[in-house]
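Source file: coords_17.txt. Holds: compact mmCIF, C-alpha atoms and all ligand atoms.
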```txt
# COMPACT_ATOMS: atom_id res chain seq x y z
CA MET A 898 37.11 15.86 -41.76
CA TRP A 899 40.80 16.50 -42.17
CA SER A 900 41.98 19.44 -44.14
CA PRO A 901 45.45 20.84 -44.60
CA VAL A 902 46.24 23.92 -42.57
CA SER A 903 48.78 26.43 -43.75
CA ASP A 904 51.94 26.88 -41.75
CA LYS A 905 51.45 29.24 -38.87
CA TYR A 906 54.08 30.78 -36.72
CA PRO A 907 53.14 30.16 -33.10
CA SER A 908 52.29 33.06 -30.89
CA GLU A 909 54.99 32.17 -28.43
CA SER A 910 57.88 29.80 -28.16
CA GLY A 911 60.65 28.98 -25.75
CA ARG A 912 64.09 29.54 -27.11
CA ARG A 913 63.93 32.11 -29.86
CA ARG A 914 67.46 32.89 -30.85
CA PHE A 915 68.05 31.71 -34.34
CA VAL A 916 71.43 31.46 -35.95
CA LYS A 917 70.86 30.53 -39.56
CA GLY A 918 69.24 32.47 -42.37
CA ILE A 919 66.33 31.25 -44.43
CA VAL A 920 66.62 31.03 -48.17
CA GLY A 921 64.14 31.98 -50.80
CA SER A 922 61.47 30.07 -52.60
CA ALA A 923 63.82 28.93 -55.35
CA ALA A 924 65.62 26.68 -52.91
CA LEU A 925 62.37 25.62 -51.32
CA SER A 926 61.16 24.43 -54.68
CA SER A 927 64.27 22.35 -55.32
CA VAL A 928 62.38 19.14 -54.97
CA ALA A 929 64.13 15.84 -55.47
CA ALA A 930 62.36 12.62 -54.73
CA GLY A 931 64.19 9.59 -53.42
CA GLY A 932 67.50 8.83 -55.02
CA SER A 933 67.23 11.20 -57.94
CA LEU A 934 70.33 13.01 -56.74
CA VAL A 935 73.54 11.07 -56.96
CA LEU A 936 75.95 13.52 -55.37
CA ASP A 937 77.43 12.97 -51.98
CA THR A 938 77.13 16.58 -51.05
CA ALA A 939 78.36 16.28 -47.51
CA THR A 940 81.62 17.86 -48.54
CA SER A 941 80.34 20.04 -51.35
CA SER A 942 81.20 23.71 -51.27
CA THR A 943 77.64 24.46 -52.37
CA GLY A 944 76.11 23.06 -49.25
CA ALA A 945 76.63 20.82 -46.28
CA GLY A 946 75.11 17.80 -44.70
CA GLY A 947 73.68 15.97 -47.68
CA GLY A 948 74.48 12.46 -48.86
CA THR A 949 73.13 8.97 -48.47
CA VAL A 950 71.38 8.40 -45.19
CA GLU A 951 69.52 5.49 -43.63
CA TYR A 952 66.42 6.30 -41.66
CA VAL A 953 63.29 4.78 -40.18
CA GLY A 954 60.06 5.86 -41.80
CA ILE A 955 56.44 4.85 -42.07
CA ARG A 956 56.15 2.65 -45.13
CA ASN A 957 54.89 3.85 -48.51
CA THR A 958 52.31 1.27 -49.58
CA ASP A 959 50.74 2.76 -52.70
CA GLY A 960 51.12 5.55 -55.22
CA PRO A 961 54.14 7.23 -56.79
CA ALA A 962 55.96 8.25 -53.60
CA PRO A 963 59.46 6.73 -53.69
CA ARG A 964 59.81 6.05 -49.97
CA GLY A 965 58.27 6.45 -46.55
CA LEU A 966 57.88 9.45 -44.28
CA PRO A 967 60.70 9.88 -41.73
CA ILE A 968 59.77 9.26 -38.13
CA VAL A 969 60.58 12.02 -35.65
CA PRO A 970 61.81 10.56 -32.34
CA LEU A 971 59.99 12.22 -29.48
CA ARG A 972 59.82 12.42 -25.70
CA VAL A 973 57.34 13.56 -23.10
CA THR A 974 58.58 16.38 -20.86
CA ASP A 975 58.08 16.55 -17.11
CA SER A 976 55.16 18.91 -17.75
CA GLY A 977 53.46 16.33 -19.96
CA HIS A 978 54.18 18.02 -23.28
CA LEU A 979 55.43 16.36 -26.42
CA GLU A 980 58.66 17.44 -28.00
CA GLY A 981 60.78 16.12 -30.82
CA ARG A 982 64.30 15.03 -30.08
CA TRP A 983 67.18 16.99 -31.56
CA PRO A 984 70.66 15.60 -30.85
CA ASP A 985 73.42 17.86 -29.60
CA PRO A 986 75.39 19.16 -32.56
CA GLU A 987 79.01 18.19 -33.04
CA THR A 988 81.62 19.20 -35.54
CA ILE A 989 83.43 16.41 -37.32
CA THR A 990 86.43 16.58 -39.62
CA LYS A 991 86.06 14.65 -42.82
CA ARG A 992 88.83 12.79 -44.62
CA ASP A 993 89.47 15.76 -46.90
CA GLY A 994 89.96 18.02 -43.91
CA THR A 995 86.70 19.91 -44.16
CA GLU A 996 84.62 20.33 -41.05
CA VAL A 997 80.91 19.54 -41.00
CA THR A 998 78.46 20.05 -38.16
CA VAL A 999 76.15 17.12 -37.60
CA ALA A 1000 73.38 16.28 -35.13
CA ARG A 1001 72.96 12.56 -34.59
CA GLU A 1002 72.59 10.07 -31.78
CA ASP A 1003 71.75 6.47 -31.07
CA VAL A 1004 68.03 5.86 -30.63
CA GLY A 1005 67.28 2.28 -29.72
CA GLY A 1006 70.31 0.98 -31.61
CA ILE A 1007 69.67 2.98 -34.78
CA THR A 1008 71.55 6.16 -35.64
CA TYR A 1009 69.06 9.01 -35.70
CA ASP A 1010 70.50 11.71 -37.92
CA THR A 1011 68.77 15.03 -38.54
CA ARG A 1012 69.58 14.62 -42.22
CA TRP A 1013 66.49 12.37 -42.20
CA PHE A 1014 64.49 15.52 -42.81
CA GLN A 1015 66.50 17.04 -45.65
CA TYR A 1016 64.16 16.75 -48.62
CA CYS A 1017 61.34 18.70 -50.22
CA GLY A 1018 62.77 22.06 -49.20
CA VAL A 1019 62.86 21.08 -45.54
CA GLN A 1020 66.65 21.28 -45.81
CA SER A 1021 66.23 25.03 -46.27
CA LEU A 1022 64.17 25.62 -43.15
CA PRO A 1023 66.12 27.61 -40.59
CA GLY A 1024 65.45 25.24 -37.71
CA ILE A 1025 66.83 22.23 -39.53
CA ALA A 1026 70.51 23.18 -39.36
CA PRO A 1027 72.17 20.88 -36.81
CA ASP A 1028 73.26 23.72 -34.56
CA ALA A 1029 70.20 25.94 -34.99
CA GLU A 1030 68.56 27.02 -31.79
CA ALA A 1031 64.93 26.19 -32.34
CA ASP A 1032 61.97 25.20 -30.21
CA ASN A 1033 61.67 21.42 -30.00
CA SER A 1034 58.12 21.50 -28.65
CA PHE A 1035 55.46 20.17 -30.93
CA ARG A 1036 52.99 23.03 -31.30
CA VAL A 1037 49.37 22.76 -32.28
CA LYS A 1038 48.60 23.28 -35.93
CA GLY A 1039 45.29 21.42 -35.93
CA GLY A 1040 43.98 19.73 -39.03
CA TYR A 1041 41.22 17.70 -37.38
CA ASP A 1042 37.82 18.63 -36.00
CA TRP A 1043 38.63 17.21 -32.58
CA ALA A 1044 41.50 19.68 -32.25
CA SER A 1045 39.40 22.80 -32.85
CA SER A 1046 39.35 23.53 -29.13
CA LEU A 1047 43.15 23.57 -28.91
CA GLU A 1048 44.96 26.86 -29.12
CA GLN A 1049 46.94 27.29 -32.31
CA GLY A 1050 50.64 27.36 -31.52
CA ALA A 1051 50.24 25.98 -28.00
CA LYS A 1052 52.50 23.19 -26.85
CA VAL A 1053 50.96 19.79 -27.56
CA ALA A 1054 50.22 17.87 -24.36
CA VAL A 1055 49.73 14.14 -24.08
CA GLU A 1056 46.44 14.76 -22.30
CA ASP A 1057 45.15 16.62 -25.38
CA PHE A 1058 44.57 13.20 -26.93
CA GLU A 1059 41.89 12.18 -24.46
CA GLY A 1060 39.84 9.29 -25.79
CA TYR A 1061 42.48 8.29 -28.33
CA GLU A 1062 41.79 4.59 -27.75
CA GLN A 1063 38.28 4.95 -29.17
CA TRP A 1064 38.60 7.95 -31.51
CA GLY A 1065 37.26 7.87 -35.03
CA ASN A 1066 36.22 10.37 -37.68
CA GLY A 1067 33.90 8.24 -39.78
CA ILE A 1068 36.72 7.05 -42.03
CA GLY A 1069 37.96 3.50 -41.69
CA GLN A 1070 38.13 1.71 -38.37
CA ASP A 1071 37.73 3.53 -35.05
CA GLY A 1072 40.17 2.99 -32.22
CA LEU A 1073 43.43 3.05 -34.19
CA GLY A 1074 44.58 6.32 -32.74
CA MET A 1075 44.09 10.05 -32.73
CA PRO A 1076 46.08 12.29 -35.11
CA LEU A 1077 47.13 15.91 -34.87
CA ASN A 1078 49.08 18.19 -37.15
CA ALA A 1079 51.80 20.15 -35.41
CA THR A 1080 54.86 22.27 -36.02
CA TRP A 1081 58.36 21.56 -34.77
CA ARG A 1082 61.81 23.16 -34.71
CA THR A 1083 60.25 26.58 -34.52
CA PRO A 1084 62.91 29.17 -35.35
CA GLU A 1085 63.20 32.81 -34.40
CA GLU A 1086 62.18 33.71 -37.92
CA GLY A 1087 60.78 31.70 -40.76
CA ARG A 1088 58.78 28.54 -41.02
CA ALA A 1089 58.88 25.58 -38.70
CA LEU A 1090 58.82 21.98 -39.88
CA SER A 1091 55.39 20.32 -40.09
CA VAL A 1092 54.83 16.95 -38.46
CA GLU A 1093 51.91 14.67 -37.81
CA ILE A 1094 51.49 13.11 -34.38
CA LEU A 1095 49.54 9.93 -33.76
CA ARG A 1096 48.66 8.68 -30.32
CA THR A 1097 47.74 5.08 -30.96
CA PRO A 1098 46.93 2.16 -28.67
CA GLU A 1099 48.62 -0.04 -31.29
CA LEU A 1100 52.13 1.12 -30.35
CA PRO A 1101 52.74 -1.37 -27.52
CA ARG A 1102 51.85 -4.26 -29.83
CA MET A 1103 54.02 -2.79 -32.59
CA ILE A 1104 56.97 -2.56 -30.22
CA ALA A 1105 56.34 -6.11 -29.00
CA GLY A 1106 55.88 -7.45 -32.53
CA GLU A 1107 52.57 -9.01 -31.62
CA GLY A 1108 49.73 -10.03 -33.90
CA PRO A 1109 49.81 -8.20 -37.24
CA TYR A 1110 53.10 -6.59 -36.26
CA GLY A 1111 55.09 -9.82 -36.25
CA ASN A 1112 56.89 -8.75 -39.41
CA LEU A 1113 58.37 -5.61 -37.90
CA SER A 1114 62.08 -6.16 -37.58
CA ALA A 1115 63.69 -6.34 -34.15
CA ASP A 1116 65.84 -3.27 -34.76
CA VAL A 1117 62.88 -1.19 -35.88
CA ARG A 1118 60.92 -2.31 -32.83
CA SER A 1119 63.82 -1.35 -30.60
CA PHE A 1120 63.94 2.03 -32.31
CA LEU A 1121 60.20 2.49 -31.86
CA ASP A 1122 60.50 1.69 -28.19
CA ALA A 1123 63.05 4.47 -27.80
CA ALA A 1124 61.54 6.97 -30.26
CA THR A 1125 57.98 7.01 -28.95
CA ALA A 1126 56.39 7.72 -25.58
CA GLN A 1127 53.02 7.16 -23.98
CA ASP A 1128 51.61 5.70 -27.20
CA CYS A 1129 52.66 8.77 -29.19
CA MET A 1130 54.65 8.69 -32.42
CA ALA A 1131 55.36 11.34 -35.05
CA TRP A 1132 56.53 11.64 -38.62
CA VAL A 1133 57.38 14.43 -41.06
CA ASP A 1134 54.25 15.71 -42.71
CA LYS A 1135 55.69 16.05 -46.20
CA CYS A 1136 54.99 13.63 -49.04
CA THR A 1137 58.18 12.20 -50.52
CA HIS A 1138 56.70 12.42 -54.03
CA PHE A 1139 56.13 16.12 -54.67
CA CYS A 1140 55.93 17.44 -51.14
CA CYS A 1141 52.18 17.79 -50.58
CA VAL A 1142 50.76 17.47 -47.06
CA PRO A 1143 49.30 14.00 -46.42
CA GLY A 1144 47.05 13.10 -43.50
CA PHE A 1145 46.08 10.09 -41.40
CA LYS A 1146 42.47 9.00 -41.99
CA SER A 1147 42.01 11.87 -44.42
CA SER A 1148 40.37 9.93 -47.25
CA GLU A 1149 38.22 6.93 -48.06
CA TYR A 1150 40.49 6.16 -51.00
CA PRO A 1151 40.72 2.34 -51.07
CA GLY A 1152 43.51 1.18 -48.81
CA ALA A 1153 44.02 4.61 -47.30
CA GLU A 1154 41.18 4.71 -44.81
CA ASP A 1155 43.39 3.73 -41.89
CA ALA A 1156 46.58 5.11 -43.32
CA VAL A 1157 48.22 8.39 -44.27
CA TYR A 1158 46.96 9.58 -47.63
CA CYS A 1159 48.37 12.19 -49.98
CA GLN A 1160 45.60 13.68 -52.06
CA CYS A 1161 47.91 15.10 -54.74
CA HIS A 1162 48.74 11.82 -56.50
CA GLN A 1163 47.24 9.16 -54.24
CA SER A 1164 50.28 8.03 -52.32
CA VAL A 1165 49.55 6.01 -49.20
CA TYR A 1166 51.74 5.52 -46.12
CA ASP A 1167 51.11 3.02 -43.34
CA PRO A 1168 52.06 4.33 -39.89
CA PHE A 1169 51.74 0.82 -38.49
CA THR A 1170 54.59 -0.59 -40.57
CA PRO A 1171 57.69 1.52 -39.95
CA MET A 1172 60.79 0.24 -41.68
CA LYS A 1173 64.41 1.09 -42.38
CA GLN A 1174 64.94 2.87 -45.66
CA SER A 1175 67.52 5.10 -47.29
CA PHE A 1176 67.68 8.11 -49.55
CA VAL A 1177 70.04 10.82 -50.68
CA ALA A 1178 69.56 13.79 -48.38
CA LEU A 1179 69.75 17.18 -50.04
CA PRO A 1180 72.47 19.53 -48.81
CA ARG A 1181 71.55 22.27 -46.45
CA THR A 1182 71.98 25.75 -47.76
CA ASP A 1183 74.03 27.10 -44.86
S1 LIG A 1201 51.53 11.73 -54.08
FE1 LIG A 1201 52.37 13.31 -55.24
S2 LIG A 1201 52.82 14.82 -53.76
FE2 LIG A 1201 52.02 13.21 -52.60
```
Any chance you could put this one into structure tokens?
Amino acid sequence: MWSPVSDKYPSESGRRRFVKGIVGSAALSSVAAGGSLVLDTATSSTGAGGGTVEYVGIRNTDGPAPRGLPIVPLRVTDSGHLEGRWPDPETITKRDGTEVTVAREDVGGITYDTRWFQYCGVQSLPGIAPDAEADNSFRVKGGYDWASSLEQGAKVAVEDFEGYEQWGNGIGQDGLGMPLNATWRTPEEGRALSVEILRTPELPRMIAGEGPYGNLSADVRSFLDAATAQDCMAWVDKCTHFCCVPGFKSSEYPGAEDAVYCQCHQSVYDPFTPMKQSFVALPRTD
């Protein structure tokens, strides 16, 4: 049975130098759901890198959450480990002359922008600044019985998901994929970002738009093709309502058995229907 696991700093990580400071709990609690902020804060002196942003996320299908969970584009390294993609930072000069550092790149024809993750206090995490040096490896956090044999904080390997084509936990339908909670953008100090990984045999059909996935748009399918690898996909593990930690196959709540469920106020997200969405990203605090 799934259960949330508190954030844990991994025992070891690759690059450790960290260049941005972490802020206190007041900023972390500055929750704003969806479009409740109307400022374009990209040029605000009180912060940087906010503003309206389009993203691809797994769809919110039920409950009070205002929008879906942002997908984290990933790759598989030569050693067979999973890591999230973080574009090279660049400094741009805005029309008013101010300079802003951004991290964005084309992923399958869609602009992947690290502002996708700036909500629910995530914007205050040290590893989320565009030019922060942080570990891009997904690292084991756990959350599921099958993962109890994995070392906490170890790099997640594709081969960890052995048997993913048949896996089930007694909730919903077996064979839809194997989930794992992980951390990402691990900084020198402070908390990493939490993500959920799903290795699912459905991904090739999603990318091809076959069967029940015929309604996925061509641009989202192109993005999925570029943002996933070896049947693995990932999304930010932070409910867009009030920031609880949802989980795939975590509840028998009607309609959530084969979806991502947030136990706080019964929001449901469907990882099998990613879609383009938009929101107003909160400014970073750097
Ligand atoms: S539904 Fe309210 S925090 Fe997730």
Using all atoms listed in the file, which protein or nucleic acid residues are at most 6 Å from ligand LIG 1201 (chain A), as JSON, numbers by chain?
-> {"A": [961, 962, 1136, 1138, 1139, 1140, 1141, 1159, 1161, 1162, 1163, 1164]}
Which residue of A:Asn1078, A:Ser1119, A:Gln1160, A:Ser1114 approaches Arg1096 of chain A most closely, using all atoms listed in the file |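 The shortest atom-to-atom distance to Arg1096 of chain A comes from A:Asn1078.
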For segment 1030-1105 of chain A against segment 1002-1021 of chain A, with a cut-off of 10 Å and counting all atoms listed in the file, what is the closest atom pair and its distance in Å to one decimal for every residue that makes the cut, ordered by chain and number, as a Markdown table?
```
| residue | atom | partner | partner_atom | distance |
| --- | --- | --- | --- | --- |
| A:Arg1088 | CA | A:Val1019 | CA | 9.6 |
| A:Ala1089 | CA | A:Val1019 | CA | 9.1 |
| A:Leu1090 | CA | A:Val1019 | CA | 7.0 |
| A:Ser1091 | CA | A:Val1019 | CA | 9.3 |
```
Restricted to C-alpha atoms, what would the selected residues look like written as a PDB file, in the frame of the given file?
```
ATOM      1  CA  ARG A1088      58.780  28.540 -41.020  1.00  0.00           C
ATOM      2  CA  ALA A1089      58.880  25.580 -38.700  1.00  0.00           C
ATOM      3  CA  LEU A1090      58.820  21.980 -39.880  1.00  0.00           C
ATOM      4  CA  SER A1091      55.390  20.320 -40.090  1.00  0.00           C
TER       5      SER A1091
END
```
Separation of atom CA of Pro1101 of chain A and atom CA of Phe1169 of chain A, in Å?
->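 These atoms are spaced 11.2 Å apart.
Candidate residues A:Pro1098, A:Pro1084, A:Gly994, A:Pro1027 were compared for distance to Glu1062 of chain A, and the nearest is A:Pro1098, using all atoms listed in the file.
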Among the residues A:Leu971, A:Val953, A:Leu1100, A:Val1092, the one that comes closest to Trp1132 of chain A [using all atoms listed in the file] =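 Under the stated criterion, the closest residue is A:Val1092.
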Taking only C-alpha atoms into account, which of A:Leu1121, A:Leu1022, A:Ala1051, A:Met1172 comes nearest Tyr952 of chain A?
->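 Using only C-alpha atoms, the shortest distance to Tyr952 of chain A belongs to A:Met1172.
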Which distance in Å separates atom CA of Thr1125 of chain A and atom CA of Lys1146 of chain A, to one decimal?
->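 That distance, rounded to one decimal, is 20.4 Å.
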Which residues, written as a compact mmCIF listing (two decimals) with C-alpha atoms, in the coordinates of the input, have at least one atom at most 10 Å from Gly977 of chain A, with all atoms listed in the file counted and residues fewer than 5 positions away on the same chain left out?
```txt
# COMPACT_ATOMS: atom_id res chain seq x y z
CA ARG A 972 59.82 12.42 -25.70
CA LYS A 1052 52.50 23.19 -26.85
CA VAL A 1053 50.96 19.79 -27.56
CA ALA A 1054 50.22 17.87 -24.36
CA VAL A 1055 49.73 14.14 -24.08
CA GLU A 1056 46.44 14.76 -22.30
CA ASP A 1057 45.15 16.62 -25.38
```
Which is closer to Cys1129 of chain A than all the others in A:Gly1152, A:Gly954, A:Gly981, A:Gly1024, using all atoms listed in the file?
->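 When distances to Cys1129 of chain A are compared using all atoms listed in the file, the smallest one comes from A:Gly981.
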Selection: 9 Å around Val999 of chain A, only C-alpha atoms, excl. self and same-chain fewer than 2 positions, as a ChimeraX atom specification | /A:946,984-989,997,1001,1010-1012,1026-1028
When distances are computed from all atoms listed in the file, which of A:Thr1137, A:Gln1174, A:Gln1049, A:Thr1097 shows the smallest separation from Asp1071 of chain A?
-> A:Thr1097
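Between atom CA of Arg982 of chain A and atom CA of Ala1126 of chain A the separation is 11.7 Å.
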Up to 10 Å from (50.0, 18.3, -38.6) in the file's coordinates: name the residues, counting only C-alpha atoms, as a tab-separated table (two decimals) with C-alpha atoms, keeping the file's coordinate frame.
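This went into out14.tsv:
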```tsv
chain	number	residue	atom	x	y	z
A	900	SER	CA	41.98	19.44	-44.14
A	901	PRO	CA	45.45	20.84	-44.60
A	902	VAL	CA	46.24	23.92	-42.57
A	903	SER	CA	48.78	26.43	-43.75
A	904	ASP	CA	51.94	26.88	-41.75
A	1035	PHE	CA	55.46	20.17	-30.93
A	1036	ARG	CA	52.99	23.03	-31.30
A	1037	VAL	CA	49.37	22.76	-32.28
A	1038	LYS	CA	48.60	23.28	-35.93
A	1039	GLY	CA	45.29	21.42	-35.93
A	1040	GLY	CA	43.98	19.73	-39.03
A	1041	TYR	CA	41.22	17.70	-37.38
A	1076	PRO	CA	46.08	12.29	-35.11
A	1077	LEU	CA	47.13	15.91	-34.87
A	1078	ASN	CA	49.08	18.19	-37.15
A	1079	ALA	CA	51.80	20.15	-35.41
A	1080	THR	CA	54.86	22.27	-36.02
A	1081	TRP	CA	58.36	21.56	-34.77
A	1090	LEU	CA	58.82	21.98	-39.88
A	1091	SER	CA	55.39	20.32	-40.09
A	1092	VAL	CA	54.83	16.95	-38.46
A	1093	GLU	CA	51.91	14.67	-37.81
A	1094	ILE	CA	51.49	13.11	-34.38
A	1095	LEU	CA	49.54	9.93	-33.76
A	1131	ALA	CA	55.36	11.34	-35.05
A	1132	TRP	CA	56.53	11.64	-38.62
A	1133	VAL	CA	57.38	14.43	-41.06
A	1134	ASP	CA	54.25	15.71	-42.71
A	1135	LYS	CA	55.69	16.05	-46.20
A	1142	VAL	CA	50.76	17.47	-47.06
A	1143	PRO	CA	49.30	14.00	-46.42
A	1144	GLY	CA	47.05	13.10	-43.50
A	1145	PHE	CA	46.08	10.09	-41.40
```
Could you pull the residues within 10 Å of Ser1148 of chain A, counting all atoms listed in the file, minus those fewer than 6 positions along the same chain, as a PyMOL selection string?
-> chain A and resi 898-899+1068-1069+1154-1160+1163
